[in-house]
$ cat coords25.pdb   # PDB, C-alpha atoms
ATOM      1  CA  MET A   1     156.120 -90.022  21.140  1.00  0.00           C
ATOM      2  CA  ARG A   2     154.242 -88.591  24.116  1.00  0.00           C
ATOM      3  CA  VAL A   3     155.702 -85.174  23.414  1.00  0.00           C
ATOM      4  CA  GLY A   4     154.318 -85.280  19.859  1.00  0.00           C
ATOM      5  CA  LEU A   5     150.823 -86.216  21.052  1.00  0.00           C
ATOM      6  CA  ARG A   6     150.870 -83.479  23.683  1.00  0.00           C
ATOM      7  CA  SER A   7     151.820 -80.889  21.028  1.00  0.00           C
ATOM      8  CA  LEU A   8     149.066 -82.115  18.751  1.00  0.00           C
ATOM      9  CA  ALA A   9     146.483 -81.987  21.556  1.00  0.00           C
ATOM     10  CA  ALA A  10     147.638 -78.483  22.536  1.00  0.00           C
ATOM     11  CA  LEU A  11     147.323 -77.356  18.922  1.00  0.00           C
ATOM     12  CA  ARG A  12     143.735 -78.662  18.765  1.00  0.00           C
ATOM     13  CA  ARG A  13     142.771 -76.708  21.893  1.00  0.00           C
ATOM     14  CA  ASP A  14     144.438 -73.487  20.717  1.00  0.00           C
ATOM     15  CA  ARG A  15     141.806 -71.028  19.394  1.00  0.00           C
ATOM     16  CA  GLY A  16     144.177 -68.082  18.798  1.00  0.00           C
ATOM     17  CA  GLY A  17     144.055 -68.350  15.005  1.00  0.00           C
ATOM     18  CA  ALA A  18     140.258 -68.699  14.847  1.00  0.00           C
ATOM     19  CA  ILE A  19     139.785 -64.946  15.022  1.00  0.00           C
ATOM     20  CA  LEU A  20     142.117 -64.480  12.089  1.00  0.00           C
ATOM     21  CA  VAL A  21     140.210 -67.039  10.014  1.00  0.00           C
ATOM     22  CA  GLU A  22     136.858 -65.456  10.921  1.00  0.00           C
ATOM     23  CA  PHE A  23     138.206 -62.021  10.027  1.00  0.00           C
ATOM     24  CA  ALA A  24     139.386 -63.365   6.655  1.00  0.00           C
ATOM     25  CA  PHE A  25     135.824 -64.534   5.944  1.00  0.00           C
ATOM     26  CA  VAL A  26     134.205 -61.260   7.080  1.00  0.00           C
ATOM     27  CA  LEU A  27     136.685 -58.829   5.469  1.00  0.00           C
ATOM     28  CA  PRO A  28     135.326 -59.116   1.877  1.00  0.00           C
ATOM     29  CA  ILE A  29     131.802 -58.482   3.160  1.00  0.00           C
ATOM     30  CA  LEU A  30     132.938 -55.402   5.083  1.00  0.00           C
ATOM     31  CA  ILE A  31     134.778 -54.074   2.033  1.00  0.00           C
ATOM     32  CA  ALA A  32     131.699 -54.637  -0.164  1.00  0.00           C
ATOM     33  CA  ILE A  33     129.523 -52.748   2.346  1.00  0.00           C
ATOM     34  CA  LEU A  34     132.008 -49.883   2.516  1.00  0.00           C
ATOM     35  CA  LEU A  35     132.268 -49.571  -1.268  1.00  0.00           C
ATOM     36  CA  GLY A  36     128.487 -49.873  -1.606  1.00  0.00           C
ATOM     37  CA  CYS A  37     127.992 -47.015   0.867  1.00  0.00           C
ATOM     38  CA  PHE A  38     130.448 -44.892  -1.118  1.00  0.00           C
ATOM     39  CA  GLU A  39     128.663 -45.642  -4.399  1.00  0.00           C
ATOM     40  CA  ALA A  40     125.201 -45.014  -2.896  1.00  0.00           C
ATOM     41  CA  THR A  41     126.346 -41.675  -1.488  1.00  0.00           C
ATOM     42  CA  ARG A  42     127.795 -40.665  -4.861  1.00  0.00           C
ATOM     43  CA  PHE A  43     124.556 -41.724  -6.594  1.00  0.00           C
ATOM     44  CA  VAL A  44     122.340 -39.677  -4.257  1.00  0.00           C
ATOM     45  CA  LEU A  45     124.671 -36.658  -4.392  1.00  0.00           C
ATOM     46  CA  LEU A  46     124.597 -36.657  -8.199  1.00  0.00           C
ATOM     47  CA  HIS A  47     120.789 -36.761  -8.263  1.00  0.00           C
ATOM     48  CA  GLN A  48     120.567 -33.870  -5.796  1.00  0.00           C
ATOM     49  CA  LYS A  49     123.055 -31.793  -7.764  1.00  0.00           C
ATOM     50  CA  LEU A  50     121.304 -32.464 -11.085  1.00  0.00           C
ATOM     51  CA  ASP A  51     117.952 -31.496  -9.594  1.00  0.00           C
ATOM     52  CA  ARG A  52     119.323 -28.299  -8.037  1.00  0.00           C
ATOM     53  CA  ALA A  53     121.166 -27.305 -11.206  1.00  0.00           C
ATOM     54  CA  ALA A  54     118.017 -27.756 -13.321  1.00  0.00           C
ATOM     55  CA  SER A  55     115.918 -25.788 -10.816  1.00  0.00           C
ATOM     56  CA  ALA A  56     118.480 -22.991 -10.594  1.00  0.00           C
ATOM     57  CA  MET A  57     118.814 -22.731 -14.385  1.00  0.00           C
ATOM     58  CA  ALA A  58     115.055 -22.522 -14.949  1.00  0.00           C
ATOM     59  CA  ASP A  59     114.640 -20.044 -12.102  1.00  0.00           C
ATOM     60  CA  LEU A  60     117.483 -17.754 -13.195  1.00  0.00           C
ATOM     61  CA  VAL A  61     116.276 -17.629 -16.797  1.00  0.00           C
ATOM     62  CA  ALA A  62     112.674 -17.051 -15.678  1.00  0.00           C
ATOM     63  CA  GLN A  63     113.765 -14.078 -13.534  1.00  0.00           C
ATOM     64  CA  SER A  64     115.275 -12.169 -16.435  1.00  0.00           C
ATOM     65  CA  ASP A  65     113.553  -9.335 -18.296  1.00  0.00           C
ATOM     66  CA  GLY A  66     115.066 -10.492 -21.599  1.00  0.00           C
ATOM     67  CA  ILE A  67     117.696 -13.109 -22.284  1.00  0.00           C
ATOM     68  CA  THR A  68     120.711 -13.293 -24.567  1.00  0.00           C
ATOM     69  CA  VAL A  69     122.763 -16.251 -25.753  1.00  0.00           C
ATOM     70  CA  ALA A  70     125.736 -14.918 -23.761  1.00  0.00           C
ATOM     71  CA  GLN A  71     123.676 -14.786 -20.567  1.00  0.00           C
ATOM     72  CA  VAL A  72     122.499 -18.367 -21.020  1.00  0.00           C
ATOM     73  CA  ASN A  73     126.114 -19.456 -21.652  1.00  0.00           C
ATOM     74  CA  ASP A  74     127.123 -17.740 -18.396  1.00  0.00           C
ATOM     75  CA  LEU A  75     124.398 -19.683 -16.621  1.00  0.00           C
ATOM     76  CA  PHE A  76     125.814 -22.911 -18.060  1.00  0.00           C
ATOM     77  CA  THR A  77     129.071 -22.059 -16.273  1.00  0.00           C
ATOM     78  CA  VAL A  78     127.096 -21.690 -13.054  1.00  0.00           C
ATOM     79  CA  ALA A  79     125.561 -25.138 -13.630  1.00  0.00           C
ATOM     80  CA  GLU A  80     129.039 -26.622 -14.121  1.00  0.00           C
ATOM     81  CA  ASP A  81     130.133 -25.127 -10.801  1.00  0.00           C
ATOM     82  CA  GLN A  82     126.996 -26.385  -9.098  1.00  0.00           C
ATOM     83  CA  LEU A  83     127.619 -29.944 -10.267  1.00  0.00           C
ATOM     84  CA  SER A  84     131.191 -30.034  -8.994  1.00  0.00           C
ATOM     85  CA  PRO A  85     132.915 -32.515  -8.357  1.00  0.00           C
ATOM     86  CA  PHE A  86     131.020 -34.174 -11.221  1.00  0.00           C
ATOM     87  CA  ASP A  87     132.460 -33.090 -14.581  1.00  0.00           C
ATOM     88  CA  LEU A  88     129.554 -31.706 -16.593  1.00  0.00           C
ATOM     89  CA  ALA A  89     131.736 -30.884 -19.609  1.00  0.00           C
ATOM     90  CA  ALA A  90     133.026 -34.455 -19.885  1.00  0.00           C
ATOM     91  CA  SER A  91     129.910 -36.441 -18.960  1.00  0.00           C
ATOM     92  CA  GLY A  92     126.882 -34.180 -19.030  1.00  0.00           C
ATOM     93  CA  ARG A  93     124.843 -31.511 -20.719  1.00  0.00           C
ATOM     94  CA  VAL A  94     122.339 -28.789 -19.841  1.00  0.00           C
ATOM     95  CA  ILE A  95     119.532 -27.780 -22.184  1.00  0.00           C
ATOM     96  CA  VAL A  96     117.369 -24.686 -21.676  1.00  0.00           C
ATOM     97  CA  SER A  97     114.215 -24.348 -23.766  1.00  0.00           C
ATOM     98  CA  SER A  98     111.432 -21.811 -24.059  1.00  0.00           C
ATOM     99  CA  ILE A  99     107.975 -23.218 -24.709  1.00  0.00           C
ATOM    100  CA  THR A 100     105.349 -20.784 -25.876  1.00  0.00           C
ATOM    101  CA  ARG A 101     101.806 -20.779 -27.201  1.00  0.00           C
ATOM    102  CA  PRO A 102     101.280 -17.513 -29.118  1.00  0.00           C
ATOM    103  CA  THR A 103      97.951 -18.635 -30.621  1.00  0.00           C
ATOM    104  CA  ALA A 104      95.374 -21.308 -29.946  1.00  0.00           C
ATOM    105  CA  ALA A 105      97.546 -23.790 -31.863  1.00  0.00           C
ATOM    106  CA  ALA A 106      99.687 -26.331 -30.013  1.00  0.00           C
ATOM    107  CA  ALA A 107     102.539 -25.053 -27.869  1.00  0.00           C
ATOM    108  CA  GLY A 108     105.930 -25.053 -29.529  1.00  0.00           C
ATOM    109  CA  VAL A 109     109.587 -24.783 -28.600  1.00  0.00           C
ATOM    110  CA  ALA A 110     110.432 -21.142 -29.375  1.00  0.00           C
ATOM    111  CA  TRP A 111     114.185 -21.436 -28.735  1.00  0.00           C
ATOM    112  CA  GLN A 112     116.656 -23.815 -27.208  1.00  0.00           C
ATOM    113  CA  GLN A 113     120.248 -23.501 -25.954  1.00  0.00           C
ATOM    114  CA  LEU A 114     122.568 -26.448 -25.298  1.00  0.00           C
ATOM    115  CA  SER A 115     125.636 -26.315 -23.119  1.00  0.00           C
ATOM    116  CA  SER A 116     128.890 -27.629 -24.431  1.00  0.00           C
ATOM    117  CA  GLY A 117     129.507 -31.149 -23.271  1.00  0.00           C
ATOM    118  CA  ALA A 118     130.583 -34.539 -24.478  1.00  0.00           C
ATOM    119  CA  LEU A 119     127.221 -36.154 -23.768  1.00  0.00           C
ATOM    120  CA  SER A 120     124.899 -36.333 -26.743  1.00  0.00           C
ATOM    121  CA  ALA A 121     121.487 -35.673 -25.213  1.00  0.00           C
ATOM    122  CA  ALA A 122     118.280 -34.388 -26.760  1.00  0.00           C
ATOM    123  CA  SER A 123     115.600 -32.443 -24.966  1.00  0.00           C
ATOM    124  CA  VAL A 124     112.542 -34.442 -24.023  1.00  0.00           C
ATOM    125  CA  VAL A 125     110.280 -31.444 -24.737  1.00  0.00           C
ATOM    126  CA  GLY A 126     111.393 -31.313 -28.389  1.00  0.00           C
ATOM    127  CA  SER A 127     113.698 -29.221 -30.530  1.00  0.00           C
ATOM    128  CA  ALA A 128     113.543 -25.542 -31.463  1.00  0.00           C
ATOM    129  CA  GLY A 129     110.719 -24.810 -33.897  1.00  0.00           C
ATOM    130  CA  ALA A 130     108.926 -28.097 -33.218  1.00  0.00           C
ATOM    131  CA  THR A 131     105.700 -28.767 -31.370  1.00  0.00           C
ATOM    132  CA  ALA A 132     106.430 -29.103 -27.665  1.00  0.00           C
ATOM    133  CA  ILE A 133     106.020 -32.434 -25.911  1.00  0.00           C
ATOM    134  CA  LEU A 134     104.649 -31.445 -22.528  1.00  0.00           C
ATOM    135  CA  PRO A 135     104.460 -33.622 -19.422  1.00  0.00           C
ATOM    136  CA  ALA A 136     101.007 -34.523 -18.159  1.00  0.00           C
ATOM    137  CA  GLY A 137      99.495 -31.733 -16.108  1.00  0.00           C
ATOM    138  CA  LEU A 138     101.573 -28.895 -17.597  1.00  0.00           C
ATOM    139  CA  ILE A 139      99.297 -26.468 -19.402  1.00  0.00           C
ATOM    140  CA  VAL A 140     100.584 -23.595 -21.501  1.00  0.00           C
ATOM    141  CA  ARG A 141      97.708 -21.224 -22.230  1.00  0.00           C
ATOM    142  CA  THR A 142      97.530 -18.895 -25.207  1.00  0.00           C
ATOM    143  CA  GLY A 143     100.028 -16.071 -24.754  1.00  0.00           C
ATOM    144  CA  GLU A 144     101.937 -17.866 -22.011  1.00  0.00           C
ATOM    145  CA  ASN A 145     105.523 -19.023 -21.882  1.00  0.00           C
ATOM    146  CA  VAL A 146     107.344 -21.710 -19.872  1.00  0.00           C
ATOM    147  CA  ILE A 147     111.105 -22.080 -19.390  1.00  0.00           C
ATOM    148  CA  VAL A 148     112.381 -25.664 -19.231  1.00  0.00           C
ATOM    149  CA  ALA A 149     115.858 -26.526 -17.951  1.00  0.00           C
ATOM    150  CA  GLU A 150     117.078 -30.092 -18.303  1.00  0.00           C
ATOM    151  CA  THR A 151     120.276 -31.520 -16.865  1.00  0.00           C
ATOM    152  CA  PHE A 152     121.746 -34.770 -18.153  1.00  0.00           C
ATOM    153  CA  TYR A 153     124.654 -36.781 -16.780  1.00  0.00           C
ATOM    154  CA  ASN A 154     126.177 -40.093 -17.845  1.00  0.00           C
ATOM    155  CA  TYR A 155     126.660 -41.891 -14.535  1.00  0.00           C
ATOM    156  CA  VAL A 156     129.426 -44.494 -14.520  1.00  0.00           C
ATOM    157  CA  PRO A 157     129.886 -46.284 -11.180  1.00  0.00           C
ATOM    158  CA  PHE A 158     133.361 -46.339  -9.621  1.00  0.00           C
ATOM    159  CA  PHE A 159     132.811 -49.774  -8.114  1.00  0.00           C
ATOM    160  CA  PHE A 160     130.583 -52.709  -8.952  1.00  0.00           C
ATOM    161  CA  ASP A 161     130.558 -51.729 -12.630  1.00  0.00           C
ATOM    162  CA  SER A 162     129.944 -55.368 -13.528  1.00  0.00           C
ATOM    163  CA  PHE A 163     126.683 -55.251 -11.509  1.00  0.00           C
ATOM    164  CA  LEU A 164     125.699 -51.626 -12.131  1.00  0.00           C
ATOM    165  CA  SER A 165     125.655 -50.460 -15.727  1.00  0.00           C
ATOM    166  CA  PRO A 166     126.208 -46.833 -16.748  1.00  0.00           C
ATOM    167  CA  ALA A 167     123.025 -44.803 -17.051  1.00  0.00           C
ATOM    168  CA  VAL A 168     122.117 -41.327 -18.283  1.00  0.00           C
ATOM    169  CA  PHE A 169     120.214 -39.432 -15.614  1.00  0.00           C
ATOM    170  CA  ARG A 170     117.887 -36.557 -16.510  1.00  0.00           C
ATOM    171  CA  HIS A 171     116.323 -33.931 -14.311  1.00  0.00           C
ATOM    172  CA  ALA A 172     114.009 -31.171 -15.525  1.00  0.00           C
ATOM    173  CA  ALA A 173     112.580 -28.000 -14.022  1.00  0.00           C
ATOM    174  CA  PHE A 174     109.735 -25.851 -15.362  1.00  0.00           C
ATOM    175  CA  ASN A 175     109.261 -22.167 -14.487  1.00  0.00           C
ATOM    176  CA  ARG A 176     107.029 -19.467 -15.880  1.00  0.00           C
ATOM    177  CA  PRO A 177     108.808 -16.173 -16.616  1.00  0.00           C
ATOM    178  CA  ARG A 178     108.154 -13.533 -13.969  1.00  0.00           C
ATOM    179  CA  LEU A 179     108.578 -10.266 -15.834  1.00  0.00           C
ATOM    180  CA  ILE A 180     108.078 -10.706 -19.571  1.00  0.00           C
ATOM    181  CA  ASN A 181     107.359 -13.415 -22.106  1.00  0.00           C
ATOM    182  CA  LEU A 182     110.731 -15.013 -22.972  1.00  0.00           C
ATOM    183  CA  SER A 183     109.691 -16.456 -26.312  1.00  0.00           C
ATOM    184  CA  THR A 184     112.719 -14.912 -28.064  1.00  0.00           C
ATOM    185  CA  ILE A 185     116.431 -14.997 -27.318  1.00  0.00           C
ATOM    186  CA  THR A 186     118.774 -12.235 -28.432  1.00  0.00           C
ATOM    187  CA  PRO A 187     121.968 -13.411 -30.156  1.00  0.00           C
TER     188      PRO A 187
END

$ encode --input "coords25.pdb" --output "structure tokens"
Amino acid sequence: MRVGLRSLAALRRDRGGAILVEFAFVLPILIAILLGCFEATRFVLLHQKLDRAASAMADLVAQSDGITVAQVNDLFTVAEDQLSPFDLAASGRVIVSSITRPTAAAAGVAWQQLSSGALSAASVVGSAGATAILPAGLIVRTGENVIVAETFYNYVPFFFDSFLSPAVFRHAAFNRPRLINLSTITP
């Protein structure tokens, strides 16, 4: 009987398994932090890529001395490459619009090109032929032209999808043409 009590007392003093129990409590927290860091990095990277793609699209169109549908479609390919590893064709869209004010009337959307993509997104500035919806502070004077590039992406989180719901992100860039008024696009 004394041997049994000694074993029981020795077991009570033994702290070797305490580390394992503590690690079992901490492990889910460490995994959640690791996955959260991954998701946050992916979130920030997507926003940076969308912003850069929109800026590059508006800038490249604004640099041209005339634009064709084929040239804009080539630029959409550049935007797809810029957004890699995010799949723009499967979850996004790029829209390039030309806003012009030929007379004293309200500015309108002269033309608009949409990239191919599974995401159904509409331009915030309006559709071709309609009156343009301009952000506060953007002024288009008579005879002027502004190129608007918008990038859209349907963000679906890898982890924590029960806490984070999918969202469509939009970034826009506005540039004035450098060489000529780009109020028309050649087919």

$ resolve_selection --input "coords25.pdb" --expression "the PyMOL selection byres ((chain A and resi 59-62) around 7)" --output "PDB file with C-alpha atoms, in the frame of the given file"
ATOM      1  CA  SER A  55     115.918 -25.788 -10.816  1.00  0.00           C
ATOM      2  CA  ALA A  56     118.480 -22.991 -10.594  1.00  0.00           C
ATOM      3  CA  MET A  57     118.814 -22.731 -14.385  1.00  0.00           C
ATOM      4  CA  ALA A  58     115.055 -22.522 -14.949  1.00  0.00           C
ATOM      5  CA  GLN A  63     113.765 -14.078 -13.534  1.00  0.00           C
ATOM      6  CA  SER A  64     115.275 -12.169 -16.435  1.00  0.00           C
ATOM      7  CA  ILE A 147     111.105 -22.080 -19.390  1.00  0.00           C
ATOM      8  CA  ASN A 175     109.261 -22.167 -14.487  1.00  0.00           C
ATOM      9  CA  ARG A 176     107.029 -19.467 -15.880  1.00  0.00           C
ATOM     10  CA  PRO A 177     108.808 -16.173 -16.616  1.00  0.00           C
ATOM     11  CA  ARG A 178     108.154 -13.533 -13.969  1.00  0.00           C
TER      12      ARG A 178
END

$ closest_residue --input "coords25.pdb" --among "A:Val124, A:Ala130, A:Leu182, A:Val168" --to "Val146 (chain A)" --atoms "all atoms listed in the file"
A:Leu182

$ resolve_selection --input "coords25.pdb" --expression "the PyMOL selection byres ((chain A and resi 99-110) around 9)" --output "list of chain:residue names"
A:Ser97, A:Ser98, A:Trp111, A:Gln112, A:Val125, A:Gly126, A:Ser127, A:Ala128, A:Gly129, A:Ala130, A:Thr131, A:Ala132, A:Ile133, A:Leu134, A:Val140, A:Arg141, A:Thr142, A:Gly143, A:Glu144, A:Asn145, A:Val146, A:Ile147, A:Val148, A:Asn181, A:Leu182, A:Ser183, A:Thr184, A:Ile185

$ atom_distance --input "coords25.pdb" --atom1 "CA of Asp87 (chain A)" --atom2 "CA of Gly36 (chain A)"
21.6 Å

$ residues_near_point --input "coords25.pdb" --point "(124.4, -45.0, -19.0)" --cutoff "6 Å" --atoms "all atoms listed in the file" --output "mmCIF file with C-alpha atoms, in the coordinates of the input"
data_model
loop_
_atom_site.group_PDB
_atom_site.id
_atom_site.type_symbol
_atom_site.label_atom_id
_atom_site.label_comp_id
_atom_site.auth_asym_id
_atom_site.auth_seq_id
_atom_site.Cartn_x
_atom_site.Cartn_y
_atom_site.Cartn_z
ATOM 1 C CA ASN A 154 126.177 -40.093 -17.845
ATOM 2 C CA TYR A 155 126.660 -41.891 -14.535
ATOM 3 C CA PRO A 166 126.208 -46.833 -16.748
ATOM 4 C CA ALA A 167 123.025 -44.803 -17.051
ATOM 5 C CA VAL A 168 122.117 -41.327 -18.283
#
